>>> print(open('coords-v7.cif').read())   # mmCIF, C-alpha atoms
data_work
#
loop_
_atom_site.label_atom_id
_atom_site.label_comp_id
_atom_site.auth_asym_id
_atom_site.auth_seq_id
_atom_site.Cartn_x
_atom_site.Cartn_y
_atom_site.Cartn_z
CA MET K 1 -8.07 -14.09 1.92
CA ALA K 2 -8.44 -16.47 4.81
CA GLU K 3 -9.11 -20.03 3.76
CA VAL K 4 -11.38 -22.42 5.56
CA ALA K 5 -9.60 -24.74 7.97
CA ASP K 6 -9.58 -27.61 5.51
CA PRO K 7 -9.38 -26.03 2.05
CA VAL K 8 -9.45 -29.38 0.25
CA ALA K 9 -12.69 -30.44 1.90
CA ALA K 10 -14.17 -26.98 1.41
CA GLU K 11 -13.30 -27.08 -2.27
CA ALA K 12 -14.77 -30.54 -2.74
CA ALA K 13 -17.97 -29.37 -1.06
CA LEU K 14 -18.13 -26.31 -3.28
CA LEU K 15 -17.62 -28.38 -6.40
CA GLU K 16 -20.40 -30.72 -5.33
CA ARG K 17 -22.76 -27.79 -4.82
CA LEU K 18 -21.89 -26.39 -8.25
CA ARG K 19 -22.45 -29.72 -9.96
CA ALA K 20 -25.76 -30.06 -8.18
CA GLY K 21 -26.79 -26.72 -9.66
CA ASP K 22 -26.55 -24.57 -6.54
CA GLU K 23 -27.10 -21.07 -7.92
CA ALA K 24 -26.00 -19.25 -4.79
CA ALA K 25 -22.69 -21.11 -4.87
CA PHE K 26 -22.17 -20.22 -8.52
CA ASP K 27 -23.13 -16.60 -7.94
CA ALA K 28 -20.63 -16.33 -5.09
CA LEU K 29 -17.93 -17.96 -7.20
CA VAL K 30 -18.44 -15.47 -10.01
CA ALA K 31 -18.43 -12.56 -7.57
CA ARG K 32 -15.23 -13.80 -6.02
CA HIS K 33 -13.25 -14.12 -9.24
CA TYR K 34 -14.79 -11.65 -11.64
CA ALA K 35 -12.58 -8.62 -10.94
CA THR K 36 -9.34 -10.56 -11.18
CA MET K 37 -10.44 -12.32 -14.34
CA LEU K 38 -11.30 -8.98 -15.90
CA ALA K 39 -7.89 -7.59 -14.95
CA VAL K 40 -6.09 -10.62 -16.39
CA ALA K 41 -8.15 -10.51 -19.59
CA GLN K 42 -7.25 -6.87 -20.05
CA THR K 43 -3.59 -7.79 -20.22
CA TYR K 44 -4.37 -9.84 -23.36
CA VAL K 45 -7.11 -7.92 -25.14
CA LYS K 46 -7.70 -4.25 -25.57
CA GLY K 47 -10.56 -2.48 -23.91
CA ARG K 48 -12.91 -3.30 -21.08
CA ALA K 49 -15.77 -4.34 -23.36
CA VAL K 50 -13.75 -7.05 -25.12
CA ALA K 51 -12.28 -8.17 -21.80
CA GLU K 52 -15.78 -8.50 -20.35
CA GLU K 53 -16.75 -10.70 -23.29
CA VAL K 54 -13.69 -12.86 -22.74
CA VAL K 55 -14.57 -13.27 -19.08
CA GLN K 56 -18.13 -14.26 -19.96
CA GLU K 57 -16.91 -16.80 -22.51
CA ALA K 58 -14.56 -18.20 -19.89
CA TRP K 59 -17.45 -18.63 -17.46
CA LEU K 60 -19.43 -20.46 -20.09
CA GLY K 61 -16.40 -22.72 -20.46
CA VAL K 62 -16.40 -23.26 -16.71
CA ILE K 63 -20.12 -24.09 -16.69
CA ASN K 64 -19.70 -26.58 -19.53
CA GLY K 65 -16.60 -28.11 -18.00
CA LEU K 66 -17.83 -28.56 -14.44
CA ASP K 67 -18.53 -32.25 -14.87
CA ARG K 68 -15.19 -32.88 -16.55
CA PHE K 69 -13.11 -31.00 -13.97
CA GLN K 70 -10.85 -33.55 -12.36
CA GLY K 71 -9.67 -31.57 -9.35
CA ARG K 72 -6.02 -31.98 -10.27
CA SER K 73 -5.57 -28.26 -9.73
CA SER K 74 -7.58 -25.99 -7.46
CA LEU K 75 -10.86 -24.70 -8.83
CA LYS K 76 -9.58 -21.14 -9.07
CA THR K 77 -6.46 -22.27 -10.93
CA TRP K 78 -8.64 -24.20 -13.36
CA ILE K 79 -10.96 -21.22 -13.89
CA LEU K 80 -7.95 -19.00 -14.49
CA SER K 81 -6.48 -21.39 -17.07
CA ILE K 82 -9.76 -21.38 -19.00
CA LEU K 83 -9.77 -17.60 -18.90
CA VAL K 84 -6.18 -17.32 -20.12
CA ASN K 85 -6.83 -19.72 -23.00
CA GLN K 86 -9.90 -17.77 -23.97
CA ALA K 87 -8.07 -14.44 -23.72
CA LYS K 88 -5.11 -15.69 -25.77
CA THR K 89 -7.37 -17.01 -28.50
CA ARG K 90 -9.30 -13.78 -28.60
CA GLY K 91 -6.16 -11.64 -28.48
CA ALA K 92 -4.62 -13.56 -31.37
CA ARG K 93 -7.84 -13.50 -33.39
CA GLU K 94 -8.23 -9.78 -33.10
CA ALA K 95 -4.54 -9.11 -33.47
CA ARG K 96 -4.90 -6.31 -31.03
CA SER K 97 -3.49 -7.93 -27.98
CA VAL K 98 -1.78 -5.67 -25.52
CA PRO K 99 1.98 -5.54 -26.02
CA PHE K 100 3.84 -7.72 -23.61
CA ALA K 101 6.01 -4.76 -22.67
CA SER K 102 3.17 -3.23 -20.69
CA LEU K 103 3.72 -5.93 -18.08
CA VAL K 104 7.42 -5.27 -17.80
CA PRO K 105 8.21 -2.95 -14.91
CA GLU K 106 9.69 0.25 -16.25
CA GLY K 107 12.21 2.65 -14.75
CA GLU K 108 13.24 2.96 -11.17
CA GLU K 109 10.72 3.21 -8.40
CA PRO K 110 11.99 3.36 -4.83
CA ALA K 111 10.01 1.46 -2.19
CA VAL K 112 10.24 4.52 0.04
CA GLN K 113 10.87 8.13 -1.04
CA ALA K 114 14.62 8.84 -0.98
CA ASP K 115 14.24 11.95 1.18
CA ARG K 116 13.09 9.78 4.08
CA PHE K 117 16.70 8.65 4.41
CA ARG K 118 19.91 10.50 5.27
CA GLY K 119 21.78 11.61 2.19
CA PRO K 120 25.12 10.25 0.97
CA ASP K 121 27.03 13.22 2.44
CA GLU K 122 25.51 12.90 5.88
CA SER K 123 26.47 10.67 8.76
CA TYR K 124 24.52 7.42 8.80
CA ALA K 125 23.87 7.72 5.09
CA GLY K 126 20.92 5.62 3.97
CA HIS K 127 19.40 5.44 7.45
CA TRP K 128 15.97 6.75 8.41
CA ARG K 129 15.73 10.47 9.11
CA ALA K 130 12.72 9.67 11.24
CA PHE K 131 11.52 6.16 11.96
CA PRO K 132 8.36 4.95 10.29
CA GLY K 133 5.40 4.70 12.67
CA ASP K 134 4.66 1.55 14.62
CA TRP K 135 1.07 1.23 13.38
CA GLY K 136 1.97 -2.07 11.74
CA ARG K 137 2.21 -3.51 15.25
CA SER K 138 -1.38 -2.80 16.18
CA ALA K 139 -2.60 -3.45 12.67
CA ALA K 140 -4.37 -6.64 13.65
CA ALA K 141 -7.06 -4.34 14.95
CA ALA K 142 -6.46 -1.51 12.51
CA VAL K 143 -6.89 -3.56 9.37
CA GLN K 144 -10.39 -4.52 10.45
CA ASP K 145 -11.37 -0.89 10.20
CA ARG K 146 -13.54 -0.11 7.20
CA GLU K 147 -11.92 3.25 6.56
CA THR K 148 -8.50 1.60 6.37
CA VAL K 149 -9.71 -0.90 3.80
CA ARG K 150 -11.18 1.99 1.82
CA VAL K 151 -7.79 3.74 1.78
CA VAL K 152 -6.18 0.55 0.50
CA MET K 153 -8.79 0.12 -2.23
CA ALA K 154 -8.22 3.68 -3.42
CA ALA K 155 -4.45 3.14 -3.45
CA ILE K 156 -4.82 -0.03 -5.51
CA ALA K 157 -7.12 1.74 -7.97
CA ASP K 158 -4.34 4.29 -8.52
CA LEU K 159 -1.68 1.69 -9.36
CA PRO K 160 -0.48 1.11 -12.92
CA ALA K 161 -2.51 -1.70 -14.50
CA ALA K 162 0.14 -4.42 -14.28
CA GLN K 163 0.84 -3.74 -10.60
CA GLN K 164 -2.87 -3.69 -9.90
CA THR K 165 -3.39 -7.07 -11.50
CA VAL K 166 -0.50 -8.66 -9.65
CA ILE K 167 -1.43 -7.37 -6.19
CA ARG K 168 -5.06 -8.36 -6.71
CA MET K 169 -4.10 -11.85 -7.74
CA ARG K 170 -1.57 -12.36 -4.99
CA ASP K 171 -3.05 -10.55 -2.00
CA VAL K 172 -6.78 -10.34 -2.67
CA GLU K 173 -7.36 -13.67 -4.43
CA GLY K 174 -4.47 -15.64 -2.99
CA TYR K 175 -2.89 -16.96 -6.18
CA SER K 176 0.70 -18.16 -5.92
CA ALA K 177 3.59 -16.33 -7.57
CA GLU K 178 3.87 -19.19 -10.02
CA GLU K 179 0.20 -18.96 -10.99
CA VAL K 180 0.56 -15.23 -11.61
CA CYS K 181 3.60 -15.81 -13.85
CA THR K 182 1.73 -18.42 -15.87
CA ALA K 183 -1.50 -16.44 -16.16
CA LEU K 184 0.15 -13.19 -17.15
CA ASP K 185 3.03 -14.73 -19.05
CA VAL K 186 5.59 -12.74 -17.05
CA SER K 187 8.94 -13.85 -15.69
CA GLU K 188 9.34 -14.66 -12.02
CA GLY K 189 11.61 -11.62 -11.66
CA ASN K 190 9.06 -9.26 -13.20
CA GLN K 191 6.28 -10.67 -11.05
CA ARG K 192 8.40 -9.93 -8.01
CA VAL K 193 9.20 -6.37 -9.02
CA LEU K 194 5.56 -5.62 -9.84
CA LEU K 195 4.40 -7.02 -6.50
CA HIS K 196 7.16 -5.19 -4.63
CA ARG K 197 6.18 -1.88 -6.21
CA ALA K 198 2.48 -2.41 -5.71
CA ARG K 199 2.80 -3.33 -2.05
CA SER K 200 5.25 -0.49 -1.44
CA ARG K 201 2.85 2.06 -2.90
CA VAL K 202 -0.09 0.74 -0.91
CA ARG K 203 2.03 0.81 2.25
CA ALA K 204 2.91 4.44 1.57
CA ALA K 205 -0.80 5.25 1.22
CA LEU K 206 -1.53 3.53 4.53
CA GLU K 207 1.32 5.42 6.17
CA GLY K 208 -0.25 8.68 5.00
CA HIS K 209 -3.55 7.52 6.48
CA PHE K 210 -2.17 6.49 9.88
CA ASP K 211 0.22 9.43 10.29
CA ASP K 212 -2.53 11.97 9.72
CA MET T 213 25.46 -4.03 -0.56
CA THR T 214 28.79 -2.75 -1.69
CA GLU T 215 29.88 -1.78 1.79
CA SER T 216 32.94 -3.68 2.83
CA ASP T 217 31.77 -4.13 6.42
CA GLU T 218 28.82 -6.11 5.09
CA ARG T 219 25.92 -4.17 6.42
CA ILE T 220 22.84 -2.96 4.70
CA THR T 221 21.34 0.47 5.22
CA CYS T 222 17.72 1.13 6.10
CA GLN T 223 17.13 2.29 2.54
CA GLU T 224 18.56 -0.94 1.14
CA LEU T 225 16.47 -2.93 3.57
CA THR T 226 13.26 -1.36 2.29
CA GLU T 227 14.13 -2.52 -1.21
CA LEU T 228 14.64 -6.09 0.02
CA THR T 229 11.62 -6.25 2.31
CA ASN T 230 9.22 -7.74 -0.21
CA ASP T 231 11.64 -10.50 -1.15
CA TYR T 232 12.17 -11.13 2.56
CA ILE T 233 8.44 -11.53 3.12
CA GLU T 234 8.16 -13.64 -0.03
CA GLY T 235 10.93 -15.89 1.24
CA THR T 236 12.97 -15.40 -1.91
CA LEU T 237 16.00 -13.62 -0.42
CA PRO T 238 19.26 -15.51 -0.98
CA SER T 239 20.67 -16.77 2.32
CA HIS T 240 23.51 -14.28 2.49
CA GLU T 241 21.21 -11.29 2.05
CA MET T 242 18.74 -12.87 4.43
CA ALA T 243 21.43 -12.93 7.13
CA LEU T 244 22.28 -9.27 6.53
CA PHE T 245 18.61 -8.39 6.58
CA GLU T 246 17.95 -10.08 9.90
CA GLN T 247 21.12 -8.71 11.42
CA HIS T 248 19.90 -5.21 10.55
CA LEU T 249 16.46 -5.86 12.05
CA ASN T 250 18.11 -6.87 15.31
CA PHE T 251 19.40 -3.39 15.98
CA CYS T 252 16.98 -1.16 14.06
CA ASP T 253 13.48 -0.56 15.45
CA GLY T 254 12.59 1.66 12.50
CA CYS T 255 13.13 -1.13 10.02
CA ASP T 256 11.41 -3.63 12.28
CA TRP T 257 8.36 -1.36 12.21
CA TYR T 258 8.72 -0.95 8.47
CA VAL T 259 8.53 -4.72 7.95
CA ASP T 260 5.52 -4.81 10.29
CA GLN T 261 3.91 -2.11 8.14
CA MET T 262 4.42 -4.19 5.02
CA ARG T 263 2.88 -7.24 6.66
CA ALA T 264 -0.04 -5.14 7.89
CA THR T 265 -0.46 -3.74 4.39
CA ILE T 266 -0.69 -7.22 2.89
CA ALA T 267 -3.20 -8.26 5.56
CA THR T 268 -5.34 -5.21 4.82
CA VAL T 269 -5.28 -5.82 1.07
CA GLY T 270 -6.52 -9.33 1.87
CA ARG T 271 -9.66 -7.84 3.40
CA ILE T 272 -10.81 -6.11 0.23
CA GLU T 273 -14.14 -7.29 -1.07
CA PRO T 274 -14.10 -8.10 -4.77
CA GLU T 275 -15.55 -5.57 -7.19
CA GLU T 276 -19.20 -6.13 -8.01
CA VAL T 277 -20.17 -8.00 -11.14
CA PRO T 278 -22.17 -5.79 -13.53
CA PRO T 279 -25.85 -6.83 -13.11
CA ASP T 280 -26.43 -7.66 -16.79
CA ILE T 281 -23.40 -9.96 -16.91
CA ARG T 282 -24.39 -11.56 -13.62
CA ASP T 283 -27.88 -12.25 -14.99
CA LYS T 284 -26.51 -13.76 -18.19
CA LEU T 285 -24.13 -16.05 -16.35
CA LEU T 286 -26.79 -17.18 -13.90
CA ALA T 287 -29.08 -17.95 -16.85
CA ALA T 288 -26.34 -20.01 -18.50
CA PHE T 289 -25.78 -21.87 -15.25
CA ARG T 290 -29.50 -22.60 -14.99
CA ASP T 291 -29.51 -23.92 -18.58
CA ARG T 292 -26.75 -26.35 -17.76
CA ASN T 293 -28.81 -27.79 -14.98
CA ARG T 294 -31.81 -28.29 -17.21
CA SER T 295 -29.93 -30.14 -19.88
#
>>> encode(input="coords-v7.cif", output="structure tokens")
Amino acid sequence: MAEVADPVAAEAALLERLRAGDEAAFDALVARHYATMLAVAQTYVKGRAVAEEVVQEAWLGVINGLDRFQGRSSLKTWILSILVNQAKTRGAREARSVPFASLVPEGEEPAVQADRFRGPDESYAGHWRAFPGDWGRSAAAAVQDRETVRVVMAAIADLPAAQQTVIRMRDVEGYSAEEVCTALDVSEGNQRVLLHRARSRVRAALEGHFDD
Amino acid sequence: MTESDERITCQELTELTNDYIEGTLPSHEMALFEQHLNFCDGCDWYVDQMRATIATVGRIEPEEVPPDIRDKLLAAFRDRNRS
């Protein structure tokens, strides 16, 4: 997500609007973060309904805390920390939190299908059989295309839950790797593998789209 | 990266690409990665594809908030302003 030229000033202005009771600003803020919050909540509690409740409780916490927020972290980091606290409390209370293992990447998953490369018995083993297309070059224009964004959204919807959450947080919402690790309680290494797999799968979907 | 002549294959490069973009590749692997890119257009395009993919993901609009939840939250926000 592109940030405004001066993100600090933009954030201060947003906070001021929220404190002044600007409903449109609040509505936009909720719209911006809702999906990610729901995804994060679902890594702590079971079921969409409970996760939705957790997200609502977190927003109530945000509303009540607006005047106390010191701006030591970014607004979105603060909102996320409230959500995670809420989700952890709820998960513990209900004793039906999702097992941590579901966030650990399982098995092997190549970035690119192995048959795209020359086999171990061939000359130039491990090199491309046929080069990938050069659509990434012209993508500045291509990514603006609505159909392309639709392909990407469908690919993300097909990802395993943990990969989906990580790619949303990193590439849609712009959280840092560190913030993702803290929010999801995953190691830096696991965050990296999940992101790598998610981006690789989405790239493969885009390749299918552009090579058609 | 077990090859004695210290080169990585295209296949190995694709497994390192995300760490390369993330800036988390150790310096030795980084050097091998860039050396490979210098002579391999296919991998250069592959890295471009990954960057384009990330840019496209960044253009996704967030999922819509269910109307009943949106209404409830807006009401709570309004209450705050009254108190």
>>> interface_residues(input="coords-v7.cif", of="chain K", to="chain T", cutoff="6 Å", atoms="all atoms listed in the file", output="list of chain:residue names")
K:Met1, K:Gly21, K:Arg32, K:Ala35, K:Ala111, K:Gly126, K:His127, K:Phe131, K:Pro132, K:Asp134, K:Gly136, K:Ala139, K:Val143, K:Asp171, K:Val172, K:His196, K:Arg203
>>> resolve_selection(input="coords-v7.cif", expression="the PyMOL selection byres ((chain K and resi 206) around 9)", output="PyMOL selection string")
(chain K and resi 148+151-152+155+201-205+207-211) or (chain T and resi 261+265)
>>> atom_distance(input="coords-v7.cif", atom1="CA of Ser138 (chain K)", atom2="CA of Glu241 (chain T)")
28.0 Å
>>> resolve_selection(input="coords-v7.cif", expression="the PyMOL selection byres ((chain K and resi 52) around 12)", output="ChimeraX atom specification")
/K:34-42,44-51,53-59,83,86-87,90 /T:277-278,280-282,285
>>> axis_aligned_box(input="coords-v7.cif", around="region 199-206 of chain K", padding_each_side="8 Å", output="lines of an AutoDock Vina configuration file")
center_x = 1.9
center_y = 1.0
center_z = 0.8
size_x = 22.8
size_y = 24.6
size_z = 23.4
>>> atom_distance(input="coords-v7.cif", atom1="CA of Ser200 (chain K)", atom2="CA of Lys76 (chain K)")
26.5 Å
>>> atom_distance(input="coords-v7.cif", atom1="CA of Arg168 (chain K)", atom2="CA of Gln191 (chain K)")
12.4 Å
>>> closest_residue(input="coords-v7.cif", among="K:Leu75, K:Ile63, K:Leu159, K:Ala25", to="Val8 (chain K)", atoms="all atoms listed in the file")
K:Leu75
>>> resolve_selection(input="coords-v7.cif", expression="the PyMOL selection byres ((chain K and resi 176-185) around 9)", output="ChimeraX atom specification")
/K:40,43-44,77,80-81,83-84,100,103,166,169-170,174-175,186-188,190-192
>>> residues_around(input="coords-v7.cif", residues="Trp128 (chain K)", least_positions_apart="4", cutoff="7 Å", atoms="only C-alpha atoms", output="PyMOL selection string")
(chain K and resi 116-118) or (chain T and resi 222)
>>> residues_around(input="coords-v7.cif", residues="Leu18 (chain K)", least_positions_apart="3", cutoff="10 Å", atoms="only C-alpha atoms", output="list in words")
Ala12, Ala13, Leu14, Leu15, Gly21, Asp22, Glu23, Ala24, Ala25, Phe26, Asp27, Leu29, Ile63, Leu66 and Asp67 of chain K; Phe289 and Asn293 of chain T
